[in-house]
Amino acid sequence: MYILGYPLLSIVNILDSLLFLYSILVFVVCVLSFVNPDPSTPLVRILNQLTQPVFAKVRKYIPNIGMFDLTPVAVLVAIMFVRGGILPIFTQFANSMIGQ
């Protein structure tokens, strides 16, 4: 089981880093939504291409409350749940496979 421990630990660490970076992107999109930038700006287009597919799937389940869109909040809560609740379980499992 020693052979599987390190790759699993690496995958968990990479996934944790990617989720952290994605949460930063979601936060930036939230801040930019208050500023209302030009949608043809390359940065805004890239951010929308990275976040809108996930937002569209979550919007099916979470309705708007008045003029407020709670989709980014739900995505951030889900990311926090995965990073704080699920990934530590896999990290502990990988560490037990390594013998630490």
# chains A, B, ... in the order shown; residues from 1 in each chain; ligands from 1

call {"tool": "residues_around", "arguments": {"residues": "Phe93 of chain A", "least_positions_apart": "2", "cutoff": "12 Å", "atoms": "only C-alpha atoms", "output": "VMD selection string"}}
result
chain A and resid 1 to 2 4 to 9 12 86 to 91 95 to 100

call {"tool": "residues_around", "arguments": {"residues": "segment 24-37 of chain A", "least_positions_apart": "4", "cutoff": "9 Å", "atoms": "only C-alpha atoms", "output": "list in words"}}
result
Leu19, Phe20, Thr41, Val44, Leu47, Asn48, Leu50, Thr51, Pro72, Val73, Val75 and Leu76 of chain A

call {"tool": "write_last_selection", "arguments": {"atoms": "C-alpha atoms", "output": "compact mmCIF listing (two decimals), in the first residue's frame"}}
result
# COMPACT_ATOMS: atom_id res chain seq x y z
CA LEU A 19 -10.04 24.34 -5.41
CA PHE A 20 -8.27 27.18 -3.59
CA THR A 41 -12.47 42.75 -21.75
CA VAL A 44 -13.64 39.33 -17.79
CA LEU A 47 -13.21 34.69 -15.75
CA ASN A 48 -16.71 34.16 -17.13
CA LEU A 50 -14.08 29.60 -16.09
CA THR A 51 -16.92 30.28 -13.66
CA PRO A 72 -21.29 32.26 -5.97
CA VAL A 73 -21.93 31.92 -2.26
CA VAL A 75 -20.19 27.50 -4.87
CA LEU A 76 -17.83 28.90 -2.23

call {"tool": "closest_residue", "arguments": {"among": "A:Pro42, A:Phe68, A:Ala74, A:Gly85", "to": "Ala56 of chain A", "atoms": "only C-alpha atoms"}}
result
A:Ala74

call {"tool": "residues_around", "arguments": {"residues": "Ser17 of chain A", "least_positions_apart": "6", "cutoff": "12 Å", "atoms": "only C-alpha atoms", "output": "number ranges by chain"}}
result
A: 10-11, 23-24, 79, 82-83, 87

call {"tool": "write_last_selection", "arguments": {"atoms": "N, CA and C atoms", "output": "PDB file, in the first residue's frame"}}
result
ATOM      1  N   SER A  10      -0.485  13.161  -3.413  1.00  0.00           N
ATOM      2  CA  SER A  10      -0.205  14.186  -4.426  1.00  0.00           C
ATOM      3  C   SER A  10      -1.479  14.648  -5.104  1.00  0.00           C
ATOM      4  N   ILE A  11      -2.360  13.725  -5.442  1.00  0.00           N
ATOM      5  CA  ILE A  11      -3.631  14.083  -6.080  1.00  0.00           C
ATOM      6  C   ILE A  11      -4.475  14.948  -5.151  1.00  0.00           C
ATOM      7  N   SER A  23     -11.673  29.094  -5.858  1.00  0.00           N
ATOM      8  CA  SER A  23     -12.408  29.939  -4.911  1.00  0.00           C
ATOM      9  C   SER A  23     -11.959  31.389  -5.032  1.00  0.00           C
ATOM     10  N   ILE A  24     -10.680  31.612  -5.327  1.00  0.00           N
ATOM     11  CA  ILE A  24     -10.214  32.983  -5.565  1.00  0.00           C
ATOM     12  C   ILE A  24     -10.878  33.547  -6.820  1.00  0.00           C
ATOM     13  N   ILE A  79     -17.096  24.512  -2.061  1.00  0.00           N
ATOM     14  CA  ILE A  79     -15.640  24.373  -2.105  1.00  0.00           C
ATOM     15  C   ILE A  79     -15.071  24.260  -0.695  1.00  0.00           C
ATOM     16  N   VAL A  82     -15.720  20.746   0.607  1.00  0.00           N
ATOM     17  CA  VAL A  82     -14.817  19.744   0.028  1.00  0.00           C
ATOM     18  C   VAL A  82     -13.417  19.894   0.607  1.00  0.00           C
ATOM     19  N   ARG A  83     -12.934  21.142   0.691  1.00  0.00           N
ATOM     20  CA  ARG A  83     -11.572  21.357   1.187  1.00  0.00           C
ATOM     21  C   ARG A  83     -11.459  21.064   2.683  1.00  0.00           C
ATOM     22  N   LEU A  87     -11.468  16.381   1.675  1.00  0.00           N
ATOM     23  CA  LEU A  87     -10.043  16.202   1.376  1.00  0.00           C
ATOM     24  C   LEU A  87      -9.206  15.783   2.587  1.00  0.00           C
TER      25      LEU A  87
END

call {"tool": "atom_distance", "arguments": {"atom1": "atom CA of Leu43 of chain A", "atom2": "atom CA of Gly66 of chain A"}}
result
28.1 Å

call {"tool": "select_by_dssp", "arguments": {"residues": "chain A", "states": "helix (DSSP H, G or I)", "output": "MDAnalysis selection string"}}
result
chainID A and resid 2:35 42:59 71:98
